[in-house]
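Working notes, beginning with the structure itself.
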Amino acid sequence: MFSARALPRRAGLIRLSAPRYAPQHRTLIPAPTPGTGPLMERRADRELPDISKNRGWMRTLPIFAIVLGAGTLAIFNYQKSSSSIVGSTMYALRTSPQAREILGDEIYFAQQIPWISGEMNQLHGRINISFWVKGTKSQGKMRFKSIRPDRMSYFHTEEWSLETEDGTVVQLLNSDNDPFGQD
């Protein structure tokens with residue numbers, strides 16, 4: 001309540017003042033430590049944990065970066081391996097008499113998870129990829145290179161070859177029999 005205590009008078013008024021209450025003092029609750037039980041209540045004025053002691057996240061940061069990088073590479077490689085370009089080159093390889101003579105039947109990727117190396121940029125007109133394939137006789141590295149000179153033209157195949165394990169390079173692209181050419 002208000003107390004009527006006299007303050008210096010000004011113009012004949014008596015001022016009433018509110019009693020001065022001491023601010024309520026709340027004790028700080030320490031942050032939970034690894035050995036303590038669960039924190040059952042949260043208060044806004046509790047003590048924050050000391051971050052200088054807990055540096056465990058700094059040890060896991062490089063591991064996180066490596067896993068993130070590997071995942072990104074795997075996603076981009078999967079996108080390449082499931083593209084129509086890789087599917088078309090595999091179909092052309094399976095139907096090529098020269099490739100069937102070298103690799104045999106049942107031509108497919110050499111690894112269960114194939115690694116498609118090179119650039120596949122259809123927007124800018126550059127395709128230059130290579131990957132390992134195998135058949136019933138042997139395996140080899142297939143290379144495919146195609147460019148589009150300008151925006152409104154078709155892609156032109158520059159290289160389609162098969163390099164065997166002994167280093168022999170066989171050109172599969174013939175001028176009379178181009179499976180990638182425009183009809």
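The way I read the labels, and the way they are meant: chains A, B, ... in the order of the structure tokens, residue 1 as the first residue of every chain, and ligand 1 as the first ligand shown, with later ones counted on from there.
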
(Q) When DSSP is applied to the backbone of this structure, which of region 55-176 of chain A are assigned strand (DSSP E)? Write them out as an MDAnalysis selection string. (A) chainID A and resid 108:109 117:121 126:134 139:147 156:164 169:171

Hey, what's within 9 Å of Thr136 (chain A) if we count only C-alpha atoms and toss same-chain stuff fewer than 6 positions away? As a list in words, please? Leu103, Gly104, Asp105, Glu106 and Ile107 of chain A

Keeping only all heavy atoms, write the selected residues as a PDB file, in the first residue's frame.
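New file again26.pdb:
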ATOM      1  N   LEU A 103      33.785 -57.804 -76.285  1.00  0.00           N
ATOM      2  CA  LEU A 103      33.307 -58.022 -74.919  1.00  0.00           C
ATOM      3  C   LEU A 103      32.502 -59.301 -74.736  1.00  0.00           C
ATOM      4  O   LEU A 103      32.451 -59.848 -73.640  1.00  0.00           O
ATOM      5  CB  LEU A 103      32.457 -56.827 -74.473  1.00  0.00           C
ATOM      6  CG  LEU A 103      33.157 -55.474 -74.409  1.00  0.00           C
ATOM      7  CD1 LEU A 103      32.162 -54.380 -74.102  1.00  0.00           C
ATOM      8  CD2 LEU A 103      34.264 -55.497 -73.386  1.00  0.00           C
ATOM      9  N   GLY A 104      31.839 -59.735 -75.764  1.00  0.00           N
ATOM     10  CA  GLY A 104      30.970 -60.892 -75.650  1.00  0.00           C
ATOM     11  C   GLY A 104      29.524 -60.451 -75.449  1.00  0.00           C
ATOM     12  O   GLY A 104      29.161 -59.292 -75.670  1.00  0.00           O
ATOM     13  N   ASP A 105      28.705 -61.369 -75.015  1.00  0.00           N
ATOM     14  CA  ASP A 105      27.294 -61.060 -74.782  1.00  0.00           C
ATOM     15  C   ASP A 105      27.102 -60.490 -73.378  1.00  0.00           C
ATOM     16  O   ASP A 105      28.028 -60.436 -72.578  1.00  0.00           O
ATOM     17  CB  ASP A 105      26.442 -62.326 -74.950  1.00  0.00           C
ATOM     18  CG  ASP A 105      26.493 -62.834 -76.390  1.00  0.00           C
ATOM     19  OD1 ASP A 105      26.627 -61.995 -77.297  1.00  0.00           O
ATOM     20  OD2 ASP A 105      26.396 -64.058 -76.581  1.00  0.00           O
ATOM     21  N   GLU A 106      25.865 -60.101 -73.086  1.00  0.00           N
ATOM     22  CA  GLU A 106      25.470 -59.577 -71.776  1.00  0.00           C
ATOM     23  C   GLU A 106      26.370 -58.424 -71.335  1.00  0.00           C
ATOM     24  O   GLU A 106      26.961 -58.440 -70.254  1.00  0.00           O
ATOM     25  CB  GLU A 106      25.474 -60.685 -70.724  1.00  0.00           C
ATOM     26  CG  GLU A 106      24.512 -61.819 -71.038  1.00  0.00           C
ATOM     27  CD  GLU A 106      24.574 -62.933 -70.017  1.00  0.00           C
ATOM     28  OE1 GLU A 106      25.084 -62.690 -68.902  1.00  0.00           O
ATOM     29  OE2 GLU A 106      24.122 -64.034 -70.337  1.00  0.00           O
ATOM     30  N   ILE A 107      26.442 -57.399 -72.162  1.00  0.00           N
ATOM     31  CA  ILE A 107      27.274 -56.232 -71.868  1.00  0.00           C
ATOM     32  C   ILE A 107      26.558 -55.355 -70.842  1.00  0.00           C
ATOM     33  O   ILE A 107      25.401 -54.992 -71.029  1.00  0.00           O
ATOM     34  CB  ILE A 107      27.572 -55.439 -73.151  1.00  0.00           C
ATOM     35  CG1 ILE A 107      28.366 -56.315 -74.121  1.00  0.00           C
ATOM     36  CG2 ILE A 107      28.332 -54.155 -72.839  1.00  0.00           C
ATOM     37  CD1 ILE A 107      28.549 -55.706 -75.483  1.00  0.00           C
TER      38      ILE A 107
END

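Ranking A:His156, A:Arg46, A:Arg143, A:Arg55 by their shortest atom-to-atom distance to Phe131 (chain A), with only C-alpha atoms included, puts A:Arg143 first.
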
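Of the listed residues A:Glu101, A:Val86, A:Ser96, A:Gln111, the one whose atoms come nearest to Phe144 (chain A) is A:Val86, with distances taken using only C-alpha atoms.
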
### Task
May I have the residues within 10 Å of Gln122 (chain A) as a count of residues only, using only C-alpha atoms and disregarding those fewer than 5 positions away in the same chain?
6

Skip Met90 (chain A) itself and residues of its chain fewer than 6 positions away, then list as a PyMOL selection string all residues within 12 Å of it, counting only C-alpha atoms.
chain A and resi 81-84+96+99-100+106-110+130-135+141-144+160+162+179-180

Correct to one decimal, the distance CA of Asn174 (chain A)-CA of Asn77 (chain A) is 29.1 Å

Requested in this report: Check the DSSP output for the backbone and give back, as JSON, numbers by chain, the residues of region 62-158 of chain A in helix (DSSP H, G or I).
Outcome: {"A": [62, 63, 64, 65, 66, 67, 68, 69, 70, 71, 72, 73, 74, 75, 76, 77, 78, 79, 80, 81, 84, 85, 86, 87, 88, 89, 90, 91, 92, 93, 94, 95, 97, 98, 99, 100, 101, 102, 103]}
